Amino acid sequence: MLKVKNSVGLLSMVLGLIVYNSYSILVLAISELANPQAKVEVEVEMGEAAVAAHNVFVYGSLLSDDVVRVLLNRVPPSSDALLNHFHRFNIKGRVYPAILPVQNRHVSGRVLMGISDPELHILDEFEDVEYQRTRVEVSLLESSDKLQAHAYVWRNTSDPNLYGDWDFEEWKQVHKESFIKMTMGFMEELELPESKPIGATYESFYQQDDAE
């Protein structure tokens with residue numbers, strides 16, 4: 001059993017940590033109010049734990065709340081945005097798009113806000129190795145403010161399979177339902193000890209779908 005003086009010392013230390021962390025959160029809140037779009041990532045230290053929040057610009061299937069909900073088990077807050085000097089291409093044989101830098105063009109999309117580290121890992125796995133997660137600057141439509149965010153950019157800048165303009169409204173009407181089923185299959189695979197990459201899940205799903 002602890003002596004009284006040790007208990008008092010321990011209580012003082014705990015109270016001190018609570019006051020310190022409360023002060024840190026207050027300072028962070030004030031700084032965010034002063035400049036809410038200043039950072040891509042925000043880290044709040046709570047003792048030994050850290051909470052990271054990421055902004056992710058999405059422009060293809062992740063414009064659908066239903067797809068996002070399957071992946072993250074929630075729909076994060078978001079804001080409509082433009083990514084300037086990029087173009088959104090169709091990919092031959094795929095139902096999802098790719099973006100690459102193109103001068104004097106822009107890509108409309110939205111920014112998913114408050115993405116945690118585990119959620120960002122899921123998005124990395126979902127986008128797979130064909131995309132490079134890149135930091136970009138987007139313009140928010142509601143306020144015209146600039147915001148730093150992650151975006152998944154196609155790695156192969158000279159890919160001959162890229163063409164035309166990908167259309168979200170057409171994707172919703174033609175491909176959304178089957179794509180959600182494919183995404184569910186991907187999440188089931190992701191939980192396995194040796195999961196397949198999204199490309200393999202995509203190909204096996206749509207090959208089976210074509211056979212039917």
# chains A, B, ... in the order shown; residues from 1 in each chain; ligands from 1
>>> select_by_dssp(residues="region 131-166 of chain A", states="strand (DSSP E or B)", output="PyMOL selection string")
chain A and resi 131-140+146-154+162-163
>>> closest_residue(among="A:Phe57, A:Tyr96, A:Tyr152, A:Phe86", to="Gly109 (chain A)", atoms="only C-alpha atoms")
A:Phe57
>>> residues_around(residues="region 121-123 of chain A", least_positions_apart="4", cutoff="9 Å", atoms="only C-alpha atoms", output="list in words")
Leu71, Leu72, Ser116, Asp117, Glu127, Asp128, Met187 and Leu190 of chain A
>>> residues_around(residues="Leu162 (chain A)", least_positions_apart="5", cutoff="9 Å", atoms="only C-alpha atoms", output="ChimeraX atom specification")
/A:89-92,97-98
>>> closest_residue(among="A:Ser79, A:Gln148, A:Ser61, A:Ser143", to="Glu177 (chain A)", atoms="only C-alpha atoms")
A:Ser61
>>> select_by_dssp(residues="region 58-178 of chain A", states="helix (DSSP H, G or I)", output="PyMOL selection string")
chain A and resi 61-63+65-72+117-127+168-174+176-178
>>> closest_residue(among="A:Pro101, A:Gly185, A:Pro118, A:Pro77", to="Trp154 (chain A)", atoms="only C-alpha atoms")
A:Pro101
>>> atom_distance(atom1="CA of Ala151 (chain A)", atom2="CA of Val58 (chain A)")
6.6 Å
>>> closest_residue(among="A:Ile99, A:Gly60, A:Val153, A:Arg88", to="Gln132 (chain A)", atoms="only C-alpha atoms")
A:Val153
>>> residues_around(residues="Ser139 (chain A)", least_positions_apart="6", cutoff="12 Å", atoms="only C-alpha atoms", output="mmCIF file with N, CA and C atoms, in the first residue's frame")
data_model
loop_
_atom_site.group_PDB
_atom_site.id
_atom_site.type_symbol
_atom_site.label_atom_id
_atom_site.label_comp_id
_atom_site.auth_asym_id
_atom_site.auth_seq_id
_atom_site.Cartn_x
_atom_site.Cartn_y
_atom_site.Cartn_z
ATOM 1 N N GLN A 37 -7.034 26.513 -42.136
ATOM 2 C CA GLN A 37 -6.574 25.710 -43.249
ATOM 3 C C GLN A 37 -5.058 25.684 -43.346
ATOM 4 N N PHE A 57 -7.707 14.979 -50.997
ATOM 5 C CA PHE A 57 -8.505 15.402 -52.152
ATOM 6 C C PHE A 57 -8.866 14.173 -52.971
ATOM 7 N N SER A 79 -15.376 19.125 -48.182
ATOM 8 C CA SER A 79 -15.636 20.416 -48.817
ATOM 9 C C SER A 79 -15.292 20.315 -50.297
ATOM 10 N N ASP A 80 -16.176 20.845 -51.158
ATOM 11 C CA ASP A 80 -15.914 20.832 -52.594
ATOM 12 C C ASP A 80 -14.667 21.660 -52.897
ATOM 13 N N ALA A 81 -13.877 21.183 -53.879
ATOM 14 C CA ALA A 81 -12.606 21.850 -54.158
ATOM 15 C C ALA A 81 -12.198 21.637 -55.610
ATOM 16 N N LEU A 82 -11.263 22.467 -56.058
ATOM 17 C CA LEU A 82 -10.667 22.345 -57.390
ATOM 18 C C LEU A 82 -9.172 22.110 -57.254
ATOM 19 N N LEU A 83 -8.657 21.219 -58.081
ATOM 20 C CA LEU A 83 -7.216 21.004 -58.196
ATOM 21 C C LEU A 83 -6.788 21.550 -59.553
ATOM 22 N N ASN A 84 -6.069 22.656 -59.534
ATOM 23 C CA ASN A 84 -5.676 23.312 -60.775
ATOM 24 C C ASN A 84 -4.450 22.656 -61.401
ATOM 25 N N HIS A 85 -4.383 22.776 -62.750
ATOM 26 C CA HIS A 85 -3.254 22.275 -63.546
ATOM 27 C C HIS A 85 -3.116 20.759 -63.456
ATOM 28 N N HIS A 106 -8.177 21.729 -64.932
ATOM 29 C CA HIS A 106 -8.461 21.568 -63.502
ATOM 30 C C HIS A 106 -9.346 20.345 -63.281
ATOM 31 N N VAL A 107 -9.291 19.831 -62.067
ATOM 32 C CA VAL A 107 -10.086 18.676 -61.676
ATOM 33 C C VAL A 107 -10.993 19.089 -60.524
ATOM 34 N N SER A 108 -12.281 18.848 -60.677
ATOM 35 C CA SER A 108 -13.228 19.128 -59.599
ATOM 36 C C SER A 108 -13.343 17.891 -58.710
ATOM 37 N N GLY A 109 -13.442 18.134 -57.421
ATOM 38 C CA GLY A 109 -13.557 17.021 -56.479
ATOM 39 C C GLY A 109 -13.972 17.538 -55.119
ATOM 40 N N ARG A 110 -13.550 16.839 -54.090
ATOM 41 C CA ARG A 110 -13.819 17.302 -52.734
ATOM 42 C C ARG A 110 -12.664 16.874 -51.829
ATOM 43 N N VAL A 111 -12.532 17.559 -50.711
ATOM 44 C CA VAL A 111 -11.512 17.245 -49.737
ATOM 45 C C VAL A 111 -12.168 16.534 -48.556
ATOM 46 N N ASP A 145 -10.412 29.689 -50.393
ATOM 47 C CA ASP A 145 -9.184 29.506 -49.631
ATOM 48 C C ASP A 145 -8.359 28.378 -50.235
ATOM 49 N N LYS A 146 -7.040 28.477 -50.063
ATOM 50 C CA LYS A 146 -6.135 27.427 -50.501
ATOM 51 C C LYS A 146 -5.932 26.439 -49.358
ATOM 52 N N LEU A 147 -5.794 25.159 -49.706
ATOM 53 C CA LEU A 147 -5.647 24.125 -48.690
ATOM 54 C C LEU A 147 -4.653 23.076 -49.172
ATOM 55 N N GLN A 148 -3.729 22.693 -48.299
ATOM 56 C CA GLN A 148 -2.813 21.602 -48.595
ATOM 57 C C GLN A 148 -3.513 20.267 -48.313
ATOM 58 N N ALA A 149 -3.352 19.326 -49.229
ATOM 59 C CA ALA A 149 -4.020 18.035 -49.075
ATOM 60 C C ALA A 149 -3.205 16.949 -49.768
#
>>> atom_distance(atom1="CA of Thr134 (chain A)", atom2="CA of Val95 (chain A)")
22.0 Å
>>> residues_around(residues="His150 (chain A)", least_positions_apart="6", cutoff="8 Å", atoms="only C-alpha atoms", output="ChimeraX atom specification")
/A:40,54-57,133-136
>>> atom_distance(atom1="CA of Thr183 (chain A)", atom2="CA of Asp65 (chain A)")
12.6 Å
>>> residues_around(residues="Phe168 (chain A)", least_positions_apart="2", cutoff="10 Å", atoms="only C-alpha atoms", output="ChimeraX atom specification")
/A:59-61,63-64,96-97,109,165-166,170-176
>>> write_last_selection(atoms="all heavy atoms", output="short mmCIF file (atom, residue, chain, number, x, y, z; two decimals), in the first residue's frame")
data_model
loop_
_atom_site.label_atom_id
_atom_site.label_comp_id
_atom_site.auth_asym_id
_atom_site.auth_seq_id
_atom_site.Cartn_x
_atom_site.Cartn_y
_atom_site.Cartn_z
N TYR A 59 -11.40 12.52 -56.26
CA TYR A 59 -11.91 13.02 -57.54
C TYR A 59 -12.60 11.94 -58.37
O TYR A 59 -13.09 12.22 -59.47
CB TYR A 59 -10.75 13.60 -58.35
CG TYR A 59 -9.61 12.63 -58.52
CD1 TYR A 59 -9.62 11.69 -59.55
CD2 TYR A 59 -8.54 12.62 -57.63
CE1 TYR A 59 -8.58 10.78 -59.68
CE2 TYR A 59 -7.50 11.72 -57.76
CZ TYR A 59 -7.52 10.80 -58.80
OH TYR A 59 -6.50 9.89 -58.92
N GLY A 60 -12.62 10.69 -57.88
CA GLY A 60 -13.19 9.60 -58.67
C GLY A 60 -14.28 8.87 -57.90
O GLY A 60 -15.26 9.48 -57.47
N SER A 61 -14.10 7.58 -57.70
CA SER A 61 -15.12 6.79 -57.01
C SER A 61 -15.33 7.26 -55.57
O SER A 61 -16.41 7.08 -55.00
CB SER A 61 -14.73 5.31 -57.02
OG SER A 61 -13.50 5.10 -56.34
N LEU A 63 -15.75 10.14 -54.60
CA LEU A 63 -16.76 11.20 -54.55
C LEU A 63 -18.10 10.65 -54.06
O LEU A 63 -18.98 11.40 -53.65
CB LEU A 63 -16.94 11.84 -55.93
CG LEU A 63 -15.77 12.67 -56.45
CD1 LEU A 63 -16.03 13.12 -57.89
CD2 LEU A 63 -15.51 13.87 -55.56
N SER A 64 -18.23 9.33 -54.11
CA SER A 64 -19.46 8.68 -53.65
C SER A 64 -19.38 8.40 -52.16
O SER A 64 -18.47 7.71 -51.69
CB SER A 64 -19.66 7.36 -54.41
OG SER A 64 -20.65 6.57 -53.79
N TYR A 96 -12.55 3.47 -63.08
CA TYR A 96 -12.14 4.59 -62.24
C TYR A 96 -11.12 5.45 -63.00
O TYR A 96 -10.53 4.99 -63.99
CB TYR A 96 -11.56 4.10 -60.91
CG TYR A 96 -10.50 3.04 -61.04
CD1 TYR A 96 -9.17 3.37 -61.29
CD2 TYR A 96 -10.84 1.69 -60.90
CE1 TYR A 96 -8.19 2.39 -61.40
CE2 TYR A 96 -9.86 0.70 -61.01
CZ TYR A 96 -8.54 1.06 -61.26
OH TYR A 96 -7.58 0.10 -61.38
N PRO A 97 -10.89 6.69 -62.57
CA PRO A 97 -10.04 7.61 -63.32
C PRO A 97 -8.61 7.68 -62.80
O PRO A 97 -8.25 7.10 -61.77
CB PRO A 97 -10.74 8.95 -63.10
CG PRO A 97 -11.24 8.85 -61.69
CD PRO A 97 -11.62 7.40 -61.50
N GLY A 109 -13.44 18.13 -57.42
CA GLY A 109 -13.56 17.02 -56.48
C GLY A 109 -13.97 17.54 -55.12
O GLY A 109 -14.65 18.56 -55.01
N ASP A 165 -12.00 12.32 -70.93
CA ASP A 165 -12.39 12.93 -69.67
C ASP A 165 -13.30 11.96 -68.91
O ASP A 165 -14.35 11.56 -69.44
CB ASP A 165 -13.16 14.24 -69.91
CG ASP A 165 -12.34 15.26 -70.68
OD1 ASP A 165 -11.54 15.97 -70.05
OD2 ASP A 165 -12.50 15.33 -71.92
N TRP A 166 -12.91 11.62 -67.69
CA TRP A 166 -13.73 10.74 -66.86
C TRP A 166 -14.92 11.53 -66.31
O TRP A 166 -14.79 12.67 -65.87
CB TRP A 166 -12.90 10.18 -65.71
CG TRP A 166 -13.58 9.12 -64.90
CD1 TRP A 166 -13.65 7.79 -65.18
CD2 TRP A 166 -14.26 9.29 -63.65
NE1 TRP A 166 -14.32 7.12 -64.19
CE2 TRP A 166 -14.72 8.02 -63.24
CE3 TRP A 166 -14.52 10.41 -62.85
CZ2 TRP A 166 -15.42 7.83 -62.05
CZ3 TRP A 166 -15.23 10.23 -61.67
CH2 TRP A 166 -15.68 8.95 -61.28
N GLU A 170 -21.77 9.76 -65.14
CA GLU A 170 -21.88 8.53 -65.92
C GLU A 170 -21.48 7.32 -65.07
O GLU A 170 -22.13 6.27 -65.12
CB GLU A 170 -20.99 8.60 -67.17
CG GLU A 170 -21.01 7.34 -68.02
CD GLU A 170 -20.07 7.43 -69.21
OE1 GLU A 170 -19.57 8.53 -69.50
OE2 GLU A 170 -19.83 6.38 -69.83
N TRP A 171 -20.41 7.47 -64.28
CA TRP A 171 -19.96 6.38 -63.40
C TRP A 171 -21.06 6.00 -62.42
O TRP A 171 -21.29 4.80 -62.17
CB TRP A 171 -18.70 6.82 -62.66
CG TRP A 171 -18.19 5.82 -61.68
CD1 TRP A 171 -17.31 4.82 -61.91
CD2 TRP A 171 -18.53 5.74 -60.28
NE1 TRP A 171 -17.07 4.09 -60.75
CE2 TRP A 171 -17.82 4.64 -59.74
CE3 TRP A 171 -19.36 6.47 -59.44
CZ2 TRP A 171 -17.91 4.27 -58.39
CZ3 TRP A 171 -19.46 6.10 -58.11
CH2 TRP A 171 -18.74 5.01 -57.59
N LYS A 172 -21.74 6.99 -61.85
CA LYS A 172 -22.81 6.70 -60.88
C LYS A 172 -23.92 5.86 -61.52
O LYS A 172 -24.44 4.93 -60.91
CB LYS A 172 -23.40 8.01 -60.33
CG LYS A 172 -22.53 8.69 -59.30
CD LYS A 172 -23.31 9.69 -58.47
CE LYS A 172 -23.94 10.77 -59.31
NZ LYS A 172 -24.63 11.79 -58.46
N GLN A 173 -24.29 6.21 -62.74
CA GLN A 173 -25.40 5.52 -63.40
C GLN A 173 -25.02 4.13 -63.88
O GLN A 173 -25.82 3.18 -63.78
CB GLN A 173 -25.88 6.36 -64.59
CG GLN A 173 -26.49 7.69 -64.20
CD GLN A 173 -26.88 8.52 -65.41
OE1 GLN A 173 -26.94 8.01 -66.53
NE2 GLN A 173 -27.14 9.81 -65.20
N VAL A 174 -23.77 3.96 -64.34
CA VAL A 174 -23.39 2.71 -65.00
C VAL A 174 -22.62 1.76 -64.09
O VAL A 174 -22.84 0.54 -64.13
CB VAL A 174 -22.55 3.03 -66.27
CG1 VAL A 174 -22.12 1.73 -66.96
CG2 VAL A 174 -23.31 3.93 -67.21
N HIS A 175 -21.74 2.29 -63.25
CA HIS A 175 -20.77 1.44 -62.55
C HIS A 175 -20.86 1.46 -61.03
O HIS A 175 -20.23 0.61 -60.38
CB HIS A 175 -19.35 1.84 -62.95
CG HIS A 175 -19.08 1.76 -64.41
ND1 HIS A 175 -19.08 0.56 -65.10
CD2 HIS A 175 -18.79 2.73 -65.33
CE1 HIS A 175 -18.80 0.80 -66.38
NE2 HIS A 175 -18.63 2.09 -66.54
N LYS A 176 -21.58 2.39 -60.45
CA LYS A 176 -21.52 2.58 -59.00
C LYS A 176 -21.91 1.31 -58.23
O LYS A 176 -21.21 0.90 -57.30
CB LYS A 176 -22.42 3.74 -58.58
CG LYS A 176 -22.47 3.95 -57.07
CD LYS A 176 -23.42 5.10 -56.70
CE LYS A 176 -23.59 5.18 -55.20
NZ LYS A 176 -24.50 6.29 -54.81
#
